[in-house]
Amino acid sequence: MGHHPVNTTAAASSAPSGASEAARFVAAQTLLTLDSRHPFAGKSLIDAQDMHRTVMSGFPGWVDDGSPDPRAQMGILSTWTVDLRQARLNLVVQSSLPADWSGIPHAALAEKPEPLTIDRTFRVGDQVAFRTVVNPVRSVPPPPGSPPKTRGTRVPHTRPEHVKGWFARRLQPPGEPAIAPDGLTRIGADTDTDRIAVRMLPRISSPAPHKGLRIARAEIKGTLTVTDPKTFVAALTQGIGHARAYSCGLILVR
């Protein structure tokens, strides 16, 4: 299961042919600290669709109503944690545009929103600590004899070792291309998967009219070594995996 430990010296000299040696990542991030006992925050915790609306509420007027996939157009990704003892919902929202959180009820805010501008250049061989919450699923093809164009089903991974395998497929060892042989987009970085921590998180769901919306989640933490800066910045900007509209896929680094 484990990748070989990353050799940063080799990484620095083994960037894929044509890959840039450095790439710049620019984004806006906001830390929202909400009182989880307030109905506004409580509803977002109970209903994944309501959490999506809370995140999107910070970006009124940037995209025309009815425009396809406004979240992706504005580069919006998010992730959240809950501190049950402190009754705090900590929500991090990343975007390519400035956010306006004046629509959140003042009483729901445990602290003032903390805006931050990220402007960082990554180079081959850089090591960064990371944390991400992902929706780790695999596609199961439709059974034999199904009608043409029948879609397969997405089945969630439920064991940490399987989540490690899901993440390992997205790693990009030194000298490897950004697209894996199976067509999967890699993340421009590598790590020893035996040294990452995986924690299964509670599933999130939404009641009617979004019946069947149940999203499996897992937290992955560790250290990455950048092997392809341009691809790495794309992963930071666009997120990884499915359910990015529901607070999955954002990679936070430091």
# chains A, B, ... in the order shown; residues from 1 in each chain; ligands from 1
$ closest_atom_pairs --of "region 57-128 of chain A" --to "region 233-241 of chain A" --cutoff "12 Å" --atoms "only C-alpha atoms" --output "tab-separated table"
residue	atom	partner	partner_atom	distance
A:Arg71	CA	A:Gln238	CA	10.3
A:Ala72	CA	A:Gln238	CA	7.7
A:Gln73	CA	A:Gln238	CA	10.2
A:Met74	CA	A:Gln238	CA	10.2
A:Gly75	CA	A:Gln238	CA	6.7
A:Ile76	CA	A:Gln238	CA	8.3
A:Leu77	CA	A:Gly239	CA	7.1
A:Ser78	CA	A:Gly239	CA	9.4
A:Thr79	CA	A:Gly239	CA	10.9
A:Val93	CA	A:Thr237	CA	11.9
A:Gln94	CA	A:Thr237	CA	8.6
A:Ser95	CA	A:Thr237	CA	8.3
A:Ser96	CA	A:Thr237	CA	8.4
A:Ile118	CA	A:Thr237	CA	11.2
A:Asp119	CA	A:Val233	CA	11.2
A:Arg120	CA	A:Val233	CA	9.6
A:Thr121	CA	A:Val233	CA	8.9
A:Phe122	CA	A:Val233	CA	7.9
A:Arg123	CA	A:Val233	CA	10.3
A:Val124	CA	A:Val233	CA	11.8
$ closest_atom_pairs --of "region 63-180 of chain A" --to "region 204-223 of chain A" --cutoff "7 Å" --atoms "only C-alpha atoms" --output "tab-separated table"
residue	atom	partner	partner_atom	distance
A:Gln127	CA	A:Thr223	CA	6.6
A:Val128	CA	A:Thr223	CA	5.5
A:Ala129	CA	A:Thr223	CA	4.3
A:Phe130	CA	A:Gly222	CA	5.6
A:Arg131	CA	A:Lys221	CA	4.4
A:Thr132	CA	A:Ile220	CA	5.4
A:Val133	CA	A:Glu219	CA	4.4
A:Val134	CA	A:Ala218	CA	5.5
A:Asn135	CA	A:Arg217	CA	4.8
A:Pro136	CA	A:Arg217	CA	6.7
A:Pro156	CA	A:Ala216	CA	6.2
$ select_by_dssp --residues "region 46-130 of chain A" --states "alpha helix (DSSP H)" --output "MDAnalysis selection string"
chainID A and resid 46 48:56 70:73
$ residues_around --residues "Ser139 (chain A)" --least-positions-apart "5" --cutoff "9 Å" --atoms "only C-alpha atoms" --output "list in words"
Gly152, Thr153, Arg154, Val155 and Pro156 of chain A
$ closest_residue --among "A:Asp192, A:Val226, A:Arg186, A:Val137" --to "Pro174 (chain A)" --atoms "only C-alpha atoms"
A:Val226
$ closest_residue --among "A:Met56, A:Val82, A:Leu45, A:Ala28" --to "Leu97 (chain A)" --atoms "only C-alpha atoms"
A:Ala28
$ residues_around --residues "Leu116 (chain A)" --least-positions-apart "6" --cutoff "10 Å" --atoms "only C-alpha atoms" --output "ChimeraX atom specification"
/A:27-31,94,98
$ write_last_selection --atoms "C-alpha atoms" --output "short mmCIF file (atom, residue, chain, number, x, y, z; two decimals), in the first residue's frame"
data_model
loop_
_atom_site.label_atom_id
_atom_site.label_comp_id
_atom_site.auth_asym_id
_atom_site.auth_seq_id
_atom_site.Cartn_x
_atom_site.Cartn_y
_atom_site.Cartn_z
CA ALA A 27 -6.75 32.60 -3.61
CA ALA A 28 -9.00 34.19 -1.01
CA GLN A 29 -9.80 32.20 2.11
CA THR A 30 -12.12 33.01 5.01
CA LEU A 31 -12.40 31.31 8.37
CA GLN A 94 -11.72 29.34 -0.49
CA PRO A 98 -13.63 38.21 -2.44
#
$ residues_around --residues "Thr54 (chain A)" --least-positions-apart "2" --cutoff "12 Å" --atoms "only C-alpha atoms" --output "mmCIF file with all heavy atoms, in the first residue's frame"
data_model
loop_
_atom_site.group_PDB
_atom_site.id
_atom_site.type_symbol
_atom_site.label_atom_id
_atom_site.label_comp_id
_atom_site.auth_asym_id
_atom_site.auth_seq_id
_atom_site.Cartn_x
_atom_site.Cartn_y
_atom_site.Cartn_z
ATOM 1 N N LEU A 32 -14.729 31.139 8.956
ATOM 2 C CA LEU A 32 -15.978 31.523 9.609
ATOM 3 C C LEU A 32 -16.150 30.666 10.854
ATOM 4 O O LEU A 32 -16.156 29.427 10.767
ATOM 5 C CB LEU A 32 -17.171 31.308 8.670
ATOM 6 C CG LEU A 32 -17.236 32.193 7.423
ATOM 7 C CD1 LEU A 32 -18.313 31.680 6.472
ATOM 8 C CD2 LEU A 32 -17.530 33.633 7.812
ATOM 9 N N LEU A 34 -18.752 29.857 13.619
ATOM 10 C CA LEU A 34 -20.175 30.012 13.913
ATOM 11 C C LEU A 34 -20.531 29.302 15.213
ATOM 12 O O LEU A 34 -19.891 28.319 15.602
ATOM 13 C CB LEU A 34 -21.019 29.442 12.766
ATOM 14 C CG LEU A 34 -20.748 30.013 11.372
ATOM 15 C CD1 LEU A 34 -21.537 29.252 10.318
ATOM 16 C CD2 LEU A 34 -21.088 31.488 11.314
ATOM 17 N N PHE A 40 -29.122 28.899 12.533
ATOM 18 C CA PHE A 40 -28.512 29.075 11.217
ATOM 19 C C PHE A 40 -27.390 28.051 11.003
ATOM 20 O O PHE A 40 -27.329 27.379 9.969
ATOM 21 C CB PHE A 40 -27.962 30.499 11.084
ATOM 22 C CG PHE A 40 -27.296 30.788 9.761
ATOM 23 C CD1 PHE A 40 -28.043 31.215 8.673
ATOM 24 C CD2 PHE A 40 -25.927 30.631 9.609
ATOM 25 C CE1 PHE A 40 -27.432 31.475 7.449
ATOM 26 C CE2 PHE A 40 -25.312 30.896 8.396
ATOM 27 C CZ PHE A 40 -26.067 31.311 7.311
ATOM 28 N N ALA A 41 -26.507 27.935 12.006
ATOM 29 C CA ALA A 41 -25.404 26.981 11.899
ATOM 30 C C ALA A 41 -25.899 25.553 12.076
ATOM 31 O O ALA A 41 -25.440 24.638 11.381
ATOM 32 C CB ALA A 41 -24.333 27.305 12.932
ATOM 33 N N GLY A 42 -26.844 25.367 12.989
ATOM 34 C CA GLY A 42 -27.366 24.028 13.249
ATOM 35 C C GLY A 42 -27.993 23.404 12.017
ATOM 36 O O GLY A 42 -27.797 22.216 11.732
ATOM 37 N N LYS A 43 -28.723 24.212 11.242
ATOM 38 C CA LYS A 43 -29.357 23.684 10.033
ATOM 39 C C LYS A 43 -28.311 23.299 8.992
ATOM 40 O O LYS A 43 -28.461 22.305 8.270
ATOM 41 C CB LYS A 43 -30.332 24.715 9.458
ATOM 42 C CG LYS A 43 -31.262 24.149 8.393
ATOM 43 C CD LYS A 43 -32.502 25.014 8.278
ATOM 44 C CE LYS A 43 -33.514 24.378 7.316
ATOM 45 N NZ LYS A 43 -33.122 24.495 5.922
ATOM 46 N N SER A 44 -27.223 24.075 8.920
ATOM 47 C CA SER A 44 -26.153 23.745 7.977
ATOM 48 C C SER A 44 -25.480 22.427 8.338
ATOM 49 O O SER A 44 -25.029 21.688 7.459
ATOM 50 C CB SER A 44 -25.111 24.866 7.947
ATOM 51 O OG SER A 44 -25.665 26.053 7.420
ATOM 52 N N LEU A 45 -25.404 22.133 9.630
ATOM 53 C CA LEU A 45 -24.812 20.870 10.052
ATOM 54 C C LEU A 45 -25.717 19.683 9.751
ATOM 55 O O LEU A 45 -25.245 18.589 9.430
ATOM 56 C CB LEU A 45 -24.511 20.907 11.559
ATOM 57 C CG LEU A 45 -23.259 21.663 11.976
ATOM 58 C CD1 LEU A 45 -23.200 21.778 13.492
ATOM 59 C CD2 LEU A 45 -22.024 20.956 11.452
ATOM 60 N N ASP A 47 -28.161 19.547 7.345
ATOM 61 C CA ASP A 47 -28.546 19.425 5.938
ATOM 62 C C ASP A 47 -27.385 19.860 5.044
ATOM 63 O O ASP A 47 -26.993 21.030 5.040
ATOM 64 C CB ASP A 47 -29.781 20.306 5.685
ATOM 65 C CG ASP A 47 -30.378 20.133 4.298
ATOM 66 O OD1 ASP A 47 -29.659 19.677 3.382
ATOM 67 O OD2 ASP A 47 -31.558 20.467 4.118
ATOM 68 N N ALA A 48 -26.822 18.912 4.282
ATOM 69 C CA ALA A 48 -25.677 19.210 3.413
ATOM 70 C C ALA A 48 -26.025 20.259 2.367
ATOM 71 O O ALA A 48 -25.179 21.072 1.979
ATOM 72 C CB ALA A 48 -25.196 17.927 2.730
ATOM 73 N N GLN A 49 -27.266 20.263 1.905
ATOM 74 C CA GLN A 49 -27.674 21.252 0.911
ATOM 75 C C GLN A 49 -27.706 22.644 1.540
ATOM 76 O O GLN A 49 -27.369 23.640 0.893
ATOM 77 C CB GLN A 49 -29.055 20.896 0.345
ATOM 78 C CG GLN A 49 -29.441 21.620 -0.926
ATOM 79 C CD GLN A 49 -28.593 21.217 -2.124
ATOM 80 O OE1 GLN A 49 -28.095 20.107 -2.179
ATOM 81 N NE2 GLN A 49 -28.422 22.120 -3.063
ATOM 82 N N ASP A 50 -28.076 22.718 2.812
ATOM 83 C CA ASP A 50 -28.098 24.006 3.499
ATOM 84 C C ASP A 50 -26.675 24.510 3.746
ATOM 85 O O ASP A 50 -26.417 25.718 3.650
ATOM 86 C CB ASP A 50 -28.857 23.888 4.829
ATOM 87 C CG ASP A 50 -29.456 25.208 5.257
ATOM 88 O OD1 ASP A 50 -30.469 25.603 4.675
ATOM 89 O OD2 ASP A 50 -28.875 25.849 6.156
ATOM 90 N N MET A 51 -25.742 23.601 4.033
ATOM 91 C CA MET A 51 -24.343 24.002 4.171
ATOM 92 C C MET A 51 -23.844 24.579 2.851
ATOM 93 O O MET A 51 -23.123 25.596 2.827
ATOM 94 C CB MET A 51 -23.483 22.805 4.591
ATOM 95 C CG MET A 51 -22.004 23.140 4.750
ATOM 96 S SD MET A 51 -21.645 24.217 6.171
ATOM 97 C CE MET A 51 -21.644 22.984 7.500
ATOM 98 N N HIS A 52 -24.218 23.962 1.744
ATOM 99 C CA HIS A 52 -23.840 24.475 0.419
ATOM 100 C C HIS A 52 -24.386 25.890 0.225
ATOM 101 O O HIS A 52 -23.670 26.777 -0.258
ATOM 102 C CB HIS A 52 -24.390 23.537 -0.660
ATOM 103 C CG HIS A 52 -24.259 24.059 -2.054
ATOM 104 N ND1 HIS A 52 -23.043 24.204 -2.697
ATOM 105 C CD2 HIS A 52 -25.202 24.493 -2.928
ATOM 106 C CE1 HIS A 52 -23.247 24.696 -3.911
ATOM 107 N NE2 HIS A 52 -24.538 24.876 -4.070
ATOM 108 N N MET A 56 -22.286 29.391 -0.434
ATOM 109 C CA MET A 56 -22.518 30.179 -1.640
ATOM 110 C C MET A 56 -23.094 31.559 -1.320
ATOM 111 O O MET A 56 -22.991 32.485 -2.137
ATOM 112 C CB MET A 56 -23.465 29.434 -2.582
ATOM 113 C CG MET A 56 -22.911 28.115 -3.112
ATOM 114 S SD MET A 56 -21.374 28.295 -4.056
ATOM 115 C CE MET A 56 -21.993 29.159 -5.502
ATOM 116 N N SER A 57 -23.651 31.729 -0.113
ATOM 117 C CA SER A 57 -24.265 33.014 0.245
ATOM 118 C C SER A 57 -23.244 34.140 0.340
ATOM 119 O O SER A 57 -23.604 35.321 0.338
ATOM 120 C CB SER A 57 -25.015 32.888 1.577
ATOM 121 O OG SER A 57 -24.105 32.766 2.669
ATOM 122 N N GLY A 58 -21.967 33.791 0.416
ATOM 123 C CA GLY A 58 -20.933 34.823 0.509
ATOM 124 C C GLY A 58 -20.543 35.439 -0.826
ATOM 125 O O GLY A 58 -19.685 36.323 -0.866
ATOM 126 N N PHE A 59 -21.206 35.012 -1.914
ATOM 127 C CA PHE A 59 -20.784 35.462 -3.246
ATOM 128 C C PHE A 59 -21.971 35.927 -4.098
ATOM 129 O O PHE A 59 -22.141 35.484 -5.230
ATOM 130 C CB PHE A 59 -20.018 34.343 -3.956
ATOM 131 C CG PHE A 59 -18.863 33.828 -3.146
ATOM 132 C CD1 PHE A 59 -19.036 32.777 -2.258
ATOM 133 C CD2 PHE A 59 -17.620 34.428 -3.240
ATOM 134 C CE1 PHE A 59 -17.986 32.317 -1.481
ATOM 135 C CE2 PHE A 59 -16.561 33.981 -2.464
ATOM 136 C CZ PHE A 59 -16.738 32.927 -1.578
ATOM 137 N N PRO A 60 -22.793 36.841 -3.562
ATOM 138 C CA PRO A 60 -23.967 37.283 -4.326
ATOM 139 C C PRO A 60 -23.560 38.185 -5.494
ATOM 140 O O PRO A 60 -22.653 39.014 -5.383
ATOM 141 C CB PRO A 60 -24.780 38.059 -3.290
ATOM 142 C CG PRO A 60 -23.753 38.591 -2.322
ATOM 143 C CD PRO A 60 -22.708 37.515 -2.245
ATOM 144 N N SER A 78 -14.745 24.440 0.043
ATOM 145 C CA SER A 78 -14.906 24.664 1.486
ATOM 146 C C SER A 78 -14.626 23.379 2.252
ATOM 147 O O SER A 78 -14.620 22.284 1.688
ATOM 148 C CB SER A 78 -16.322 25.164 1.800
ATOM 149 O OG SER A 78 -17.296 24.198 1.421
ATOM 150 N N TRP A 80 -15.112 21.982 6.687
ATOM 151 C CA TRP A 80 -15.540 22.419 8.009
ATOM 152 C C TRP A 80 -15.256 21.342 9.051
ATOM 153 O O TRP A 80 -15.117 20.162 8.743
ATOM 154 C CB TRP A 80 -17.019 22.798 8.038
ATOM 155 C CG TRP A 80 -17.969 21.751 7.502
ATOM 156 C CD1 TRP A 80 -18.442 21.652 6.218
ATOM 157 C CD2 TRP A 80 -18.572 20.672 8.221
ATOM 158 N NE1 TRP A 80 -19.278 20.574 6.094
ATOM 159 C CE2 TRP A 80 -19.394 19.961 7.324
ATOM 160 C CE3 TRP A 80 -18.510 20.248 9.543
ATOM 161 C CZ2 TRP A 80 -20.134 18.836 7.688
ATOM 162 C CZ3 TRP A 80 -19.244 19.124 9.923
ATOM 163 C CH2 TRP A 80 -20.046 18.440 9.000
ATOM 164 N N LEU A 91 -15.724 26.894 9.656
ATOM 165 C CA LEU A 91 -15.920 26.722 8.220
ATOM 166 C C LEU A 91 -14.869 27.528 7.463
ATOM 167 O O LEU A 91 -14.749 28.740 7.666
ATOM 168 C CB LEU A 91 -17.330 27.199 7.844
ATOM 169 C CG LEU A 91 -17.717 27.274 6.369
ATOM 170 C CD1 LEU A 91 -17.641 25.916 5.697
ATOM 171 C CD2 LEU A 91 -19.126 27.871 6.230
ATOM 172 N N VAL A 92 -14.080 26.853 6.632
ATOM 173 C CA VAL A 92 -13.088 27.520 5.785
ATOM 174 C C VAL A 92 -13.619 27.542 4.356
ATOM 175 O O VAL A 92 -13.979 26.494 3.812
ATOM 176 C CB VAL A 92 -11.726 26.806 5.820
ATOM 177 C CG1 VAL A 92 -10.738 27.484 4.874
ATOM 178 C CG2 VAL A 92 -11.168 26.785 7.235
ATOM 179 N N VAL A 93 -13.661 28.730 3.764
ATOM 180 C CA VAL A 93 -14.148 28.887 2.394
ATOM 181 C C VAL A 93 -13.033 29.500 1.551
ATOM 182 O O VAL A 93 -12.470 30.532 1.921
ATOM 183 C CB VAL A 93 -15.407 29.783 2.327
ATOM 184 C CG1 VAL A 93 -15.906 29.894 0.885
ATOM 185 C CG2 VAL A 93 -16.509 29.228 3.222
ATOM 186 N N ALA A 99 -15.176 37.446 -0.764
ATOM 187 C CA ALA A 99 -16.479 37.060 -0.225
ATOM 188 C C ALA A 99 -17.098 38.201 0.572
ATOM 189 O O ALA A 99 -16.403 39.080 1.071
ATOM 190 C CB ALA A 99 -16.334 35.824 0.663
ATOM 191 N N ASP A 100 -18.424 38.164 0.686
ATOM 192 C CA ASP A 100 -19.187 39.127 1.489
ATOM 193 C C ASP A 100 -20.091 38.329 2.418
ATOM 194 O O ASP A 100 -21.082 37.741 1.974
ATOM 195 C CB ASP A 100 -20.014 40.032 0.566
ATOM 196 C CG ASP A 100 -20.940 40.964 1.338
ATOM 197 O OD1 ASP A 100 -20.849 41.007 2.589
ATOM 198 O OD2 ASP A 100 -21.786 41.624 0.703
ATOM 199 N N TRP A 101 -19.728 38.296 3.708
ATOM 200 C CA TRP A 101 -20.473 37.473 4.669
ATOM 201 C C TRP A 101 -21.475 38.290 5.476
ATOM 202 O O TRP A 101 -21.923 37.840 6.533
ATOM 203 C CB TRP A 101 -19.481 36.763 5.594
ATOM 204 C CG TRP A 101 -18.542 35.897 4.830
ATOM 205 C CD1 TRP A 101 -17.218 36.111 4.618
ATOM 206 C CD2 TRP A 101 -18.862 34.682 4.134
ATOM 207 N NE1 TRP A 101 -16.679 35.109 3.847
ATOM 208 C CE2 TRP A 101 -17.663 34.219 3.530
ATOM 209 C CE3 TRP A 101 -20.039 33.948 3.969
ATOM 210 C CZ2 TRP A 101 -17.619 33.055 2.773
ATOM 211 C CZ3 TRP A 101 -19.988 32.784 3.206
ATOM 212 C CH2 TRP A 101 -18.798 32.349 2.617
ATOM 213 N N SER A 102 -21.847 39.477 4.986
ATOM 214 C CA SER A 102 -22.786 40.329 5.731
ATOM 215 C C SER A 102 -24.175 39.705 5.830
ATOM 216 O O SER A 102 -24.982 40.120 6.656
ATOM 217 C CB SER A 102 -22.874 41.713 5.088
ATOM 218 O OG SER A 102 -23.308 41.633 3.740
ATOM 219 N N GLY A 103 -24.469 38.711 4.988
ATOM 220 C CA GLY A 103 -25.784 38.079 5.030
ATOM 221 C C GLY A 103 -25.940 37.057 6.139
ATOM 222 O O GLY A 103 -27.061 36.593 6.403
ATOM 223 N N ILE A 104 -24.845 36.688 6.797
ATOM 224 C CA ILE A 104 -24.953 35.728 7.895
ATOM 225 C C ILE A 104 -25.476 36.447 9.133
ATOM 226 O O ILE A 104 -24.974 37.519 9.495
ATOM 227 C CB ILE A 104 -23.585 35.088 8.187
ATOM 228 C CG1 ILE A 104 -23.168 34.203 7.014
ATOM 229 C CG2 ILE A 104 -23.616 34.276 9.481
ATOM 230 C CD1 ILE A 104 -21.856 33.488 7.217
ATOM 231 N N PRO A 105 -26.492 35.901 9.804
ATOM 232 C CA PRO A 105 -27.018 36.565 11.011
ATOM 233 C C PRO A 105 -25.907 36.834 12.023
ATOM 234 O O PRO A 105 -25.087 35.949 12.298
ATOM 235 C CB PRO A 105 -28.030 35.544 11.559
ATOM 236 C CG PRO A 105 -28.412 34.710 10.384
ATOM 237 C CD PRO A 105 -27.200 34.644 9.503
ATOM 238 N N ALA A 108 -25.311 34.458 14.793
ATOM 239 C CA ALA A 108 -24.777 33.128 14.472
ATOM 240 C C ALA A 108 -23.261 33.111 14.478
ATOM 241 O O ALA A 108 -22.641 32.043 14.543
ATOM 242 C CB ALA A 108 -25.294 32.668 13.112
ATOM 243 N N ALA A 245 -19.077 20.410 -4.169
ATOM 244 C CA ALA A 245 -20.130 21.360 -3.794
ATOM 245 C C ALA A 245 -20.575 21.160 -2.349
ATOM 246 O O ALA A 245 -21.283 22.008 -1.796
ATOM 247 C CB ALA A 245 -21.324 21.214 -4.732
ATOM 248 N N TYR A 246 -20.163 20.048 -1.759
ATOM 249 C CA TYR A 246 -20.602 19.713 -0.398
ATOM 250 C C TYR A 246 -19.407 19.612 0.551
ATOM 251 O O TYR A 246 -19.307 18.693 1.361
ATOM 252 C CB TYR A 246 -21.410 18.420 -0.420
ATOM 253 C CG TYR A 246 -22.657 18.549 -1.261
ATOM 254 C CD1 TYR A 246 -22.729 17.981 -2.526
ATOM 255 C CD2 TYR A 246 -23.751 19.286 -0.807
ATOM 256 C CE1 TYR A 246 -23.851 18.125 -3.311
ATOM 257 C CE2 TYR A 246 -24.883 19.437 -1.588
ATOM 258 C CZ TYR A 246 -24.924 18.851 -2.832
ATOM 259 O OH TYR A 246 -26.061 19.009 -3.622
ATOM 260 N N SER A 247 -18.498 20.571 0.430
ATOM 261 C CA SER A 247 -17.393 20.751 1.376
ATOM 262 C C SER A 247 -16.404 19.589 1.384
ATOM 263 O O SER A 247 -15.809 19.260 2.429
ATOM 264 C CB SER A 247 -17.929 21.005 2.795
ATOM 265 O OG SER A 247 -18.661 22.210 2.835
#
$ residues_around --residues "Ser20 (chain A)" --least-positions-apart "3" --cutoff "8 Å" --atoms "only C-alpha atoms" --output "ChimeraX atom specification"
/A:15,23,228-230
$ write_last_selection --atoms "C-alpha atoms" --output "mmCIF file, in the first residue's frame"
data_model
loop_
_atom_site.group_PDB
_atom_site.id
_atom_site.type_symbol
_atom_site.label_atom_id
_atom_site.label_comp_id
_atom_site.auth_asym_id
_atom_site.auth_seq_id
_atom_site.Cartn_x
_atom_site.Cartn_y
_atom_site.Cartn_z
ATOM 1 C CA ALA A 15 10.112 17.042 -12.835
ATOM 2 C CA ALA A 23 4.006 27.896 -9.928
ATOM 3 C CA ASP A 228 4.912 19.221 -10.537
ATOM 4 C CA PRO A 229 4.159 22.761 -9.265
ATOM 5 C CA LYS A 230 1.667 23.698 -12.016
#
$ closest_residue --among "A:Leu224, A:Gly125, A:His157, A:Val198" --to "Val140 (chain A)" --atoms "only C-alpha atoms"
A:His157
$ closest_residue --among "A:Leu252, A:Met200, A:Ala178, A:Ala107" --to "Pro160 (chain A)" --atoms "only C-alpha atoms"
A:Met200
$ atom_distance --atom1 "CA of Gln172 (chain A)" --atom2 "CA of Phe232 (chain A)"
9.4 Å
$ select_by_dssp --residues "region 141-210 of chain A" --states "strand (DSSP E)" --output "PyMOL selection string"
chain A and resi 153-156+189-190+197-205
$ write_last_selection --atoms "N, CA and C atoms" --output "PDB file, in the first residue's frame"
ATOM      1  N   THR A 153     -22.375   2.922 -10.718  1.00  0.00           N
ATOM      2  CA  THR A 153     -22.701   3.514  -9.425  1.00  0.00           C
ATOM      3  C   THR A 153     -21.411   3.845  -8.673  1.00  0.00           C
ATOM      4  N   ARG A 154     -21.496   4.863  -7.839  1.00  0.00           N
ATOM      5  CA  ARG A 154     -20.367   5.242  -7.002  1.00  0.00           C
ATOM      6  C   ARG A 154     -20.545   4.608  -5.629  1.00  0.00           C
ATOM      7  N   VAL A 155     -19.559   3.844  -5.249  1.00  0.00           N
ATOM      8  CA  VAL A 155     -19.601   3.134  -3.970  1.00  0.00           C
ATOM      9  C   VAL A 155     -18.536   3.728  -3.061  1.00  0.00           C
ATOM     10  N   PRO A 156     -18.916   4.157  -1.862  1.00  0.00           N
ATOM     11  CA  PRO A 156     -17.918   4.792  -0.984  1.00  0.00           C
ATOM     12  C   PRO A 156     -16.970   3.786  -0.354  1.00  0.00           C
ATOM     13  N   ALA A 189       2.050  16.131  -6.607  1.00  0.00           N
ATOM     14  CA  ALA A 189       2.840  15.942  -5.384  1.00  0.00           C
ATOM     15  C   ALA A 189       2.850  14.465  -5.032  1.00  0.00           C
ATOM     16  N   ASP A 190       3.800  14.081  -4.193  1.00  0.00           N
ATOM     17  CA  ASP A 190       3.961  12.684  -3.800  1.00  0.00           C
ATOM     18  C   ASP A 190       4.133  12.613  -2.291  1.00  0.00           C
ATOM     19  N   ALA A 197      -2.148  10.087   7.768  1.00  0.00           N
ATOM     20  CA  ALA A 197      -3.184   9.680   8.715  1.00  0.00           C
ATOM     21  C   ALA A 197      -4.548   9.801   8.045  1.00  0.00           C
ATOM     22  N   VAL A 198      -5.361   8.774   8.190  1.00  0.00           N
ATOM     23  CA  VAL A 198      -6.711   8.767   7.616  1.00  0.00           C
ATOM     24  C   VAL A 198      -7.715   8.542   8.736  1.00  0.00           C
ATOM     25  N   ARG A 199      -8.753   9.365   8.747  1.00  0.00           N
ATOM     26  CA  ARG A 199      -9.824   9.214   9.749  1.00  0.00           C
ATOM     27  C   ARG A 199     -11.153   9.245   9.030  1.00  0.00           C
ATOM     28  N   MET A 200     -11.961   8.231   9.238  1.00  0.00           N
ATOM     29  CA  MET A 200     -13.296   8.211   8.643  1.00  0.00           C
ATOM     30  C   MET A 200     -14.192   9.174   9.424  1.00  0.00           C
ATOM     31  N   LEU A 201     -14.956   9.985   8.706  1.00  0.00           N
ATOM     32  CA  LEU A 201     -15.834  10.982   9.314  1.00  0.00           C
ATOM     33  C   LEU A 201     -17.300  10.576   9.123  1.00  0.00           C
ATOM     34  N   PRO A 202     -18.196  11.142   9.929  1.00  0.00           N
ATOM     35  CA  PRO A 202     -19.617  10.834   9.736  1.00  0.00           C
ATOM     36  C   PRO A 202     -20.078  11.260   8.342  1.00  0.00           C
ATOM     37  N   ARG A 203     -20.992  10.486   7.778  1.00  0.00           N
ATOM     38  CA  ARG A 203     -21.568  10.877   6.497  1.00  0.00           C
ATOM     39  C   ARG A 203     -22.469  12.089   6.689  1.00  0.00           C
ATOM     40  N   ILE A 204     -22.596  12.875   5.629  1.00  0.00           N
ATOM     41  CA  ILE A 204     -23.546  13.979   5.650  1.00  0.00           C
ATOM     42  C   ILE A 204     -24.643  13.679   4.642  1.00  0.00           C
ATOM     43  N   SER A 205     -25.808  14.246   4.870  1.00  0.00           N
ATOM     44  CA  SER A 205     -26.948  13.927   4.015  1.00  0.00           C
ATOM     45  C   SER A 205     -27.859  15.141   3.916  1.00  0.00           C
TER      46      SER A 205
END
